[in-house]
Structure formats: structure tokens, C-alpha cells
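Heads up: the structure comes next, in C-alpha cells.
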Amino acid sequence: MLDPTSSLAEGRRSYAASDWSGALEQLSAAREQASLDAEDISTLARAAWWLGRVPESLAFAEEAFRGFLDAGRGVDAAMTALQLGLLWVTRGDLTIGNAWVHRARRLLAAEPDGPAHAYLAYLDASFAMMFEGDAEWDEHVDRLADLAVRFPDPSVEALALAVRGLATLRRGDCAQGFALLDEAMLPVLAGRLPVEWAGDIYCTVIHVSHELADFRRMEDWTRATERWCAQFGSEAIYTGICRVHRIELRSARGEWTDAEESIARECADLAGGNPWVAGEGFYQLGELRRRRGDRAGAREAYAHARSSGIDPQPGEALLLLEEGDATGARTLLTLSLAERDALARVRLLRATVEVALASDDREGAESAAAELRGAADRFGSPGFATWSAHADAMLALADGDPAAALAPLRRAEASFRSDRQQYELARVLLLEARAYEMAGDAAAASPARDQARVILDRLGARVVEAAAPARPDGPLTPREREVLTLVAEGAGNREVAQRLFISEKTVGRHLANVYLKIGVGTRTAAAAWWHAQRATGDPGDADGAHHAGAPSPGSA
């Protein structure tokens, strides 16, 4: 009979009480006194895992695997191998992780179907979603569904619901996909899954919420995870990408000083063991620095992201745009879009609209905005819908139609306020101010601009709006000078369009560009500027415009 005062008994009691340090200390002492069976070594591995001592946990788990194998307990050995596969993959080492999964597959091939086979199918499905196509997903999703029916175990049910939810999301049905994932979380919350697997499902839900820009759900599940961790007195659950997303959420809420320090620290910790996740962290670090005006720091962080295997877009492209290199920004985004699948492209589309407009590529901007609208409809993502509204507003402003811009801007403003995305809110408020100024409503423009400035000052951030490219013939293009000349003489948009043989929409877009370039917000102010330029005879001013109604050669 076990001596109740022994280190082994104390270690078991400590583990049952969630005293991970005590369990690790006592079980390690017991291991030095005598050999432990595989069950106790497995407990030792979990105690080390809860303390975040992953290398020790992996070593103990391998020892437990050998112990189960020596005892002829093939299913337990296979489950331990699957656990090792999961932990190695989470650390970013797919080669070693896959090797352990294959070892588990070999062992389970000799066993009748049971719950352990569901854990194997879960990992197979996860790998298929990362690297293979829909047909491969279906095979593993169906296999898990069959096992869940044949073995009505809560853990098997949770695994089956999780992979079906992920597959459903990737096919575009967000409502049903998230409903399945939420249901999968019920056995997790009830403590019916081994902690490593529960942690993987938690982080999967948070990651897919981030992918689909569902920041409210991302925050809700992050809070749920924090509460779940609190009961165990450990944050070991926050491994891999989940660590970066947690900090990113704080960054979106405006906790920039702490977030920058935390991300830099996490990147240093992750760089050796999980370079892909470290790359995601470096990208977020670059975004923080870019938004604060630290261009050199942002460029350095983006370079680290790229060397870690992460394409740092759209941040790097937006940095080039802020520096006046619209062509370089457009090139980066074009290359990145060509390499991404339909879901991954969505994060680049709003920036693509902005860069295309700065490059005078109206067709490219409209195409990107249309794709973004389609993605918002297809996936039913509130975040995608907000990005789409923002993009549509930029198009309307470029067309000189402030009334059409204000409706989507207000939708975007409401969404960013609700999600507490401070920097994004400031960007939209500045566009609202511009729209009001273009509409001649200075009284409405001032509060929006003031709110944006308060937010940016609090964050220590700035918003750099792309400047119009320099022109050798003065601030306005020949066509813009033609439009302004006629407007200053009292012509309405319809008359200008008729005399220049262009559409009224094009007239509006040219006027919007004129307002931005000469720093005015109304038709009257633009006309006054034209008369002042004419009076001074400034080179390249409105006096150089064609007064006749025929379009100038090469003008658009």
C-alpha cells in the first residue's frame, strides 16, 4: 500500500489540487527514489506543461510513451504519441509533430476503433485544412462524425464539432460554422477533454475569429479562456499563435505601450521554437511602429517577419504608400494577392483600394472593393462588412460624392466604436471630416476631426494620408484645371460634363481631387482659389487651363 506521506502520494495530491509546482517537485523526487509507472510519468509531464516548462513536459511525455509501450498498453501509448504530436506542432515543428502522429497511426492500426482514433482524425483534419483541399477535409470530417456516433463520448463529440465547424467556416457559412464551434466548446468548458486538446480548441476558435475579423467573438473567447486558465492558476494554454492574437487584441483596444513591449518579448521567446508564430508577432510589432510613425522600426520588424516566413502585408505596402511610393506599394500587394487563397486575400483588399486610388488606378480600386463586398456577403463576417464599408467610402470620396461616402463611414464608425478599435475609429473619423468639408459642412467636420485627434494623441499615433503624386505642371492636372476653370465661371457639373465630353461622375471625381490638392472643402472656396491664382498669374495655375470645351490631348 502506498505510504500517504511519500513524495509520490504528495505529488498526486498536489496535481489533483492544481498545485503544479508542488506536483512537479514531489513527483520528480519520487522518480529519483524509485521508478514510476507510465501513469505517474504522464502526470509529471502535464504538471510541467501547466508551468510552461514545455521541453521538460515533452521529455516526460516521451518517457511515458515508452512506459506504456513496454507495458503493452498500445492505446495509451498512441494517445501519448498524439499528445506529443500536438505539442510539437504547436511549437512550430511540423516534422517532429508529424513523426509522432504517424507513430500513433501505426499503433492504432492494430487496435479496434475507439475514442483514441478520434484524436488522430482531429489532427489529420487540422493538417488537411492547413495544407490540402476540400476533398481531404471531408474525409476526416466524416470519419470524426462517424466516430462521434459510434462512441458517444463528450471529448469525441467536441473534436467532431470543432472540425466540422472549421470546415463549414472555410466554405463561407460563418453563422453555422461558429455555432458548431461554440457547441464544441461546451465539453471543453465542462473539463471533459485533456487539457492540451482543450487548449488547442480554445486557440483554434480565437484564431479563426481573428481570420474572419470577428473581433467581438475573439474578445469573448479570449475572456473565456482567461477564466478557464484562472481556475488552474496557469496561462500555459496560451501557446503559439494564441499568444500573439491575445496581444493583438490588446493593441486594437489601444493598449499600445504595453502591447509593443509584450510583442517584442514574445517574438524573442518564440523565434527559436516557433518561427512562424514569431513572424506573426513581428508583423504586429511592425504595425504598431508604423502607426506611431516609427518607420525605421516598422521596416525592421517587417523584415524579421519576412525572414520568419510571414509575408508582412498589407502593413509593408502601407508603409511605402506613406513614404510616397505608391508604385512600390501596389507591386507588393499585387504579388501577395496572387499567392493567397480567397479567405487570406480579404485582409489585403481594403489596403489595395487605398493604394490603387493613390496610384490613379480607379479600375483596380473598384475591383478590390467589389471583391471585399463579395467576401463580406459570402462569409457573413461583421469585420469584413466594416472593412467593405470603409473601402466603399474611400471610393465615394475619390468620386467627389461626400453624401455617398457618409453612410458607409457612419456604419464603419459604429462598428469600430463597438469593437473598441481605436486606431481604425480615428481613421474613419478623419474621412468623415473630409466628407463633411467636401459637402461644405464645416460645423460637422470639426467635431469628427477633433475626436480623431484626441484618439491619436492618446495612442501616440498618427494617420498619414497618401499625398497626390507631384506634377511637373503645377498642383493640378490639365483636366483638373479645365474642370475648375468652368466651375469657377459658374458652370454646374452637368454643364461641365457636356462641355468636356465626360460623365458627371468623372467631373465629381476631378473636383474631389482638386479640393484635396488645394486644401479647400467647397465649390465656392475652389472658385475663389482659382480667381486668386489667376489674379497673381502664378505659373501652372488655372490660367493655363483650356478655356474651350474640347478635351485636352491625353486627358482622362
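Naming works like this for the C-alpha cells: A, B, ... for the chains as they're shown, residue 1 at the start of each chain, ligands 1 onward in shown order.
Residues in contact with segment 174-184 of chain A at 6 Å, where only C-alpha atoms are counted and same-chain residues fewer than 5 positions away are skipped, are listed as Ala158, Leu161, Ala162, Gly165, Thr168, Leu169, Phe379 and Gly380 of chain A.
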Check your understanding: Any idea what's packed within 7 Å of His140 of chain A, counting only C-alpha atoms, ignoring anything in its chain fewer than 6 positions away? Could you give it as a list in words?
Key ->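 What passes the distance filter is Ala121, Asp124 and Ala125 of chain A.
The residue that comes closest to Gly254 of chain A, out of A:Asp173, A:Glu266, A:Glu424, A:Glu280 and on the basis of only C-alpha atoms, is A:Glu424.
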Point to revise | Among listed residues A:Arg499, A:Arg243, A:His510, A:Arg306, nearest Asp269 of chain A (using only C-alpha atoms) | key: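 Looking only at the distances to Asp269 of chain A, the closest residue turns out to be A:Arg243.
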Check your understanding: Using the chain letters and numbers from this document, which residues of segment 58-159 of chain A does DSSP assign to alpha helix (DSSP H), as a VMD selection string?
Key -> chain A and resid 58 to 70 74 to 90 94 to 108 115 to 131 134 to 150 154 to 159
**Study point:** Nearest to Leu44 of chain A, chosen from A:Trp529, A:Tyr423, A:Tyr15, A:Phe68, with only C-alpha atoms counted in the distances
**Key:**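 Among the listed residues, the smallest separation from Leu44 of chain A belongs to A:Tyr15.
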Exercise for review: Might you pull out every residue within 10 Å of segment 360-368 of chain A, with only C-alpha atoms counted and same-chain residues fewer than 2 positions away left off, and present them as a list of chain:residue names?
Suggested key: A:Ala326, A:Arg330, A:Arg345, A:Val346, A:Leu348, A:Leu349, A:Arg350, A:Ala351, A:Thr352, A:Val353, A:Glu354, A:Val355, A:Ala356, A:Leu357, A:Ala358, A:Ala370, A:Glu371, A:Leu372, A:Arg373, A:Gly374, A:Ser388, A:Ala391, A:Asp392, A:Met394, A:Leu395, A:Ala398, A:Asp399, A:Ala468, A:Pro469
Can you write just those residues out, N, CA and C atoms, as a compact mmCIF listing (two decimals), in the first residue's frame?
```
# COMPACT_ATOMS: atom_id res chain seq x y z
N ALA A 326 3.76 54.93 -54.08
CA ALA A 326 2.51 54.21 -54.39
C ALA A 326 2.76 53.05 -55.35
N ARG A 330 1.83 49.20 -54.56
CA ARG A 330 0.94 48.45 -55.44
C ARG A 330 1.59 47.13 -55.88
N ARG A 345 -6.90 36.55 -48.90
CA ARG A 345 -6.86 37.77 -49.70
C ARG A 345 -7.63 38.92 -49.04
N VAL A 346 -8.64 38.58 -48.25
CA VAL A 346 -9.54 39.61 -47.74
C VAL A 346 -8.80 40.66 -46.94
N LEU A 348 -6.08 41.97 -47.42
CA LEU A 348 -5.30 42.89 -48.25
C LEU A 348 -6.17 43.85 -49.05
N LEU A 349 -7.47 43.58 -49.13
CA LEU A 349 -8.29 44.28 -50.11
C LEU A 349 -8.54 45.74 -49.77
N ARG A 350 -8.75 46.06 -48.49
CA ARG A 350 -9.00 47.46 -48.13
C ARG A 350 -7.77 48.30 -48.44
N ALA A 351 -6.59 47.78 -48.10
CA ALA A 351 -5.35 48.49 -48.43
C ALA A 351 -5.16 48.59 -49.93
N THR A 352 -5.58 47.57 -50.66
CA THR A 352 -5.47 47.60 -52.12
C THR A 352 -6.31 48.73 -52.71
N VAL A 353 -7.49 48.94 -52.16
CA VAL A 353 -8.33 50.07 -52.61
C VAL A 353 -7.59 51.38 -52.37
N GLU A 354 -7.05 51.54 -51.18
CA GLU A 354 -6.36 52.78 -50.83
C GLU A 354 -5.16 53.03 -51.75
N VAL A 355 -4.36 51.99 -51.97
CA VAL A 355 -3.16 52.13 -52.80
C VAL A 355 -3.54 52.37 -54.26
N ALA A 356 -4.55 51.67 -54.74
CA ALA A 356 -4.98 51.86 -56.13
C ALA A 356 -5.45 53.29 -56.37
N LEU A 357 -6.21 53.84 -55.44
CA LEU A 357 -6.68 55.22 -55.59
C LEU A 357 -5.50 56.19 -55.61
N ALA A 358 -4.52 55.93 -54.76
CA ALA A 358 -3.33 56.80 -54.74
C ALA A 358 -2.52 56.67 -56.02
N ALA A 370 -15.05 45.56 -54.86
CA ALA A 370 -16.10 44.59 -55.21
C ALA A 370 -15.79 43.22 -54.61
N GLU A 371 -14.52 42.82 -54.67
CA GLU A 371 -14.14 41.53 -54.07
C GLU A 371 -14.36 41.55 -52.57
N LEU A 372 -14.08 42.68 -51.94
CA LEU A 372 -14.28 42.80 -50.50
C LEU A 372 -15.76 42.74 -50.14
N ARG A 373 -16.60 43.38 -50.95
CA ARG A 373 -18.05 43.29 -50.71
C ARG A 373 -18.53 41.85 -50.85
N GLY A 374 -18.01 41.16 -51.87
CA GLY A 374 -18.38 39.77 -52.07
C GLY A 374 -17.97 38.88 -50.91
N SER A 388 -15.40 46.60 -45.75
CA SER A 388 -16.02 46.90 -47.04
C SER A 388 -16.65 48.30 -47.04
N ALA A 391 -13.92 50.80 -47.41
CA ALA A 391 -13.41 50.85 -48.78
C ALA A 391 -14.40 51.58 -49.69
N ASP A 392 -15.68 51.30 -49.55
CA ASP A 392 -16.69 51.97 -50.38
C ASP A 392 -16.68 53.48 -50.14
N MET A 394 -14.05 55.27 -49.30
CA MET A 394 -12.88 55.84 -49.97
C MET A 394 -13.15 56.03 -51.46
N LEU A 395 -13.86 55.07 -52.07
CA LEU A 395 -14.22 55.21 -53.47
C LEU A 395 -15.14 56.41 -53.69
N ALA A 398 -13.27 59.59 -53.53
CA ALA A 398 -12.48 59.78 -54.74
C ALA A 398 -13.35 60.24 -55.90
N ASP A 399 -14.64 59.88 -55.88
CA ASP A 399 -15.58 60.30 -56.91
C ASP A 399 -16.14 61.69 -56.64
N ALA A 468 -1.12 63.30 -53.10
CA ALA A 468 -1.17 63.18 -54.56
C ALA A 468 0.23 63.24 -55.12
N PRO A 469 0.55 62.47 -56.16
CA PRO A 469 1.88 62.50 -56.73
C PRO A 469 2.21 63.88 -57.29
```
Check your understanding: Separation of atom CA of Val205 of chain A and atom CA of Leu123 of chain A, in Å?
Key ->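 Separation of atom CA of Val205 of chain A and atom CA of Leu123 of chain A: 15.3 Å.
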Check your understanding: Taking into account only C-alpha atoms, which residue in the set A:Thr90, A:Thr334, A:Ala81, A:Pro314 is nearest to Thr204 of chain A?
Key -> A:Thr90
For Arg143 of chain A, find every residue with an atom within 9 Å (counting only C-alpha atoms), except residues of its own chain fewer than 3 positions away, and show them as a short mmCIF file (atom, residue, chain, number, x, y, z; two decimals) with C-alpha atoms, in the first residue's frame.
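As written to disk, part.cif reads:
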```cif
data_model
loop_
_atom_site.label_atom_id
_atom_site.label_comp_id
_atom_site.auth_asym_id
_atom_site.auth_seq_id
_atom_site.Cartn_x
_atom_site.Cartn_y
_atom_site.Cartn_z
CA ALA A 118 -10.99 10.44 -32.95
CA ALA A 121 -8.75 12.06 -37.06
CA ASP A 138 -14.32 15.91 -45.99
CA GLU A 139 -12.72 12.52 -45.48
CA HIS A 140 -11.53 13.37 -41.95
CA ASP A 146 -18.88 8.53 -37.63
CA LEU A 147 -16.72 8.00 -34.53
CA ALA A 148 -18.84 10.50 -32.56
CA ALA A 160 -16.04 16.24 -34.25
#
```
Check your understanding: Which residue, A:Ile206, A:Ala532, A:Ala527, A:Met218, has the smallest gap to Gly490 of chain A when you use only C-alpha atoms?
Key ->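 Comparing A:Ile206, A:Ala532, A:Ala527, A:Met218 against Gly490 of chain A, the winner is A:Ala527.
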Point to revise | Of the listed residues A:Phe215, A:Phe131, A:Trp228, A:Trp221, that which approaches Gly191 of chain A most closely, counting only C-alpha atoms | key: A:Trp228
Review point. Counting only C-alpha atoms, what is within 12 Å of Gly328 of chain A, bar same-chain residues fewer than 4 positions away, as a list in words?
Key: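 Counting only C-alpha atoms, the residues come to Glu316, Ala317, Leu318, Leu319, Leu320, Leu321, Glu322, Glu323, Gly324, Leu332, Leu333, Thr334, Leu335, Val355, Ala356, Ala358 and Ser359 of chain A.
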Now that the selection is made, can you save its residues with all heavy atoms as a compact mmCIF listing (two decimals), in the first residue's frame?
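The resulting file, result.txt, is reproduced below:
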```txt
# COMPACT_ATOMS: atom_id res chain seq x y z
N GLU A 316 3.48 46.50 -44.82
CA GLU A 316 4.67 46.99 -45.51
C GLU A 316 4.28 47.85 -46.71
O GLU A 316 4.92 48.88 -46.99
CB GLU A 316 5.51 45.80 -45.95
CG GLU A 316 6.88 46.19 -46.51
CD GLU A 316 7.69 44.99 -46.91
OE1 GLU A 316 7.12 44.01 -47.46
OE2 GLU A 316 8.92 45.00 -46.68
N ALA A 317 3.23 47.44 -47.43
CA ALA A 317 2.77 48.24 -48.57
C ALA A 317 2.26 49.60 -48.12
O ALA A 317 2.53 50.63 -48.75
CB ALA A 317 1.67 47.48 -49.32
N LEU A 318 1.52 49.63 -47.00
CA LEU A 318 1.02 50.91 -46.50
C LEU A 318 2.17 51.80 -46.03
O LEU A 318 2.09 53.03 -46.15
CB LEU A 318 0.03 50.66 -45.36
CG LEU A 318 -1.29 50.02 -45.79
CD1 LEU A 318 -2.13 49.65 -44.57
CD2 LEU A 318 -2.08 50.96 -46.72
N LEU A 319 3.23 51.20 -45.51
CA LEU A 319 4.41 51.99 -45.13
C LEU A 319 5.01 52.67 -46.37
O LEU A 319 5.35 53.86 -46.32
CB LEU A 319 5.43 51.09 -44.45
CG LEU A 319 6.74 51.76 -44.03
CD1 LEU A 319 6.49 52.84 -42.98
CD2 LEU A 319 7.73 50.72 -43.49
N LEU A 320 5.13 51.93 -47.47
CA LEU A 320 5.64 52.52 -48.70
C LEU A 320 4.72 53.64 -49.19
O LEU A 320 5.19 54.68 -49.66
CB LEU A 320 5.77 51.46 -49.79
CG LEU A 320 6.90 50.43 -49.62
CD1 LEU A 320 6.90 49.46 -50.80
CD2 LEU A 320 8.26 51.12 -49.51
N LEU A 321 3.41 53.42 -49.08
CA LEU A 321 2.46 54.45 -49.50
C LEU A 321 2.64 55.72 -48.68
O LEU A 321 2.63 56.83 -49.22
CB LEU A 321 1.04 53.93 -49.37
CG LEU A 321 -0.07 54.87 -49.85
CD1 LEU A 321 0.05 55.13 -51.34
CD2 LEU A 321 -1.44 54.30 -49.51
N GLU A 322 2.82 55.57 -47.38
CA GLU A 322 3.03 56.73 -46.50
C GLU A 322 4.31 57.47 -46.87
O GLU A 322 4.41 58.69 -46.67
CB GLU A 322 3.08 56.28 -45.05
CG GLU A 322 1.73 55.79 -44.52
CD GLU A 322 1.84 55.08 -43.18
OE1 GLU A 322 2.96 55.08 -42.61
OE2 GLU A 322 0.83 54.52 -42.73
N GLU A 323 5.26 56.75 -47.42
CA GLU A 323 6.53 57.37 -47.82
C GLU A 323 6.49 57.91 -49.25
O GLU A 323 7.49 58.41 -49.75
CB GLU A 323 7.66 56.34 -47.68
CG GLU A 323 7.91 55.94 -46.23
CD GLU A 323 8.91 54.80 -46.09
OE1 GLU A 323 9.09 54.03 -47.05
OE2 GLU A 323 9.51 54.69 -45.01
N GLY A 324 5.31 57.82 -49.89
CA GLY A 324 5.14 58.38 -51.22
C GLY A 324 5.41 57.42 -52.36
O GLY A 324 5.37 57.83 -53.53
N LEU A 332 3.83 45.30 -54.23
CA LEU A 332 3.83 44.36 -53.12
C LEU A 332 2.46 43.70 -52.94
O LEU A 332 2.35 42.49 -52.75
CB LEU A 332 4.22 45.07 -51.82
CG LEU A 332 5.70 45.43 -51.63
CD1 LEU A 332 5.89 46.17 -50.30
CD2 LEU A 332 6.57 44.18 -51.66
N LEU A 333 1.41 44.51 -52.99
CA LEU A 333 0.08 43.96 -52.80
C LEU A 333 -0.33 43.05 -53.96
O LEU A 333 -0.97 42.01 -53.73
CB LEU A 333 -0.94 45.09 -52.64
CG LEU A 333 -0.87 45.85 -51.31
CD1 LEU A 333 -1.80 47.05 -51.33
CD2 LEU A 333 -1.20 44.94 -50.15
N THR A 334 0.03 43.41 -55.16
CA THR A 334 -0.30 42.57 -56.32
C THR A 334 0.34 41.20 -56.19
O THR A 334 -0.29 40.16 -56.44
CB THR A 334 0.15 43.25 -57.62
OG1 THR A 334 -0.52 44.51 -57.75
CG2 THR A 334 -0.17 42.39 -58.82
N LEU A 335 1.61 41.17 -55.80
CA LEU A 335 2.32 39.89 -55.62
C LEU A 335 1.69 39.07 -54.51
O LEU A 335 1.52 37.85 -54.63
CB LEU A 335 3.79 40.16 -55.32
CG LEU A 335 4.62 40.74 -56.47
CD1 LEU A 335 6.01 41.14 -55.97
CD2 LEU A 335 4.74 39.75 -57.62
N VAL A 355 -4.36 51.99 -51.97
CA VAL A 355 -3.16 52.13 -52.80
C VAL A 355 -3.54 52.37 -54.26
O VAL A 355 -2.92 53.20 -54.95
CB VAL A 355 -2.28 50.88 -52.66
CG1 VAL A 355 -1.15 50.87 -53.69
CG2 VAL A 355 -1.68 50.81 -51.25
N ALA A 356 -4.55 51.67 -54.74
CA ALA A 356 -4.98 51.86 -56.13
C ALA A 356 -5.45 53.29 -56.37
O ALA A 356 -5.14 53.90 -57.40
CB ALA A 356 -6.08 50.86 -56.48
N ALA A 358 -4.52 55.93 -54.76
CA ALA A 358 -3.33 56.80 -54.74
C ALA A 358 -2.52 56.67 -56.02
O ALA A 358 -1.76 57.58 -56.37
CB ALA A 358 -2.46 56.46 -53.54
N SER A 359 -2.68 55.54 -56.73
CA SER A 359 -1.95 55.30 -57.98
C SER A 359 -2.77 55.69 -59.20
O SER A 359 -2.37 55.37 -60.33
CB SER A 359 -1.59 53.81 -58.07
OG SER A 359 -0.87 53.38 -56.94
```
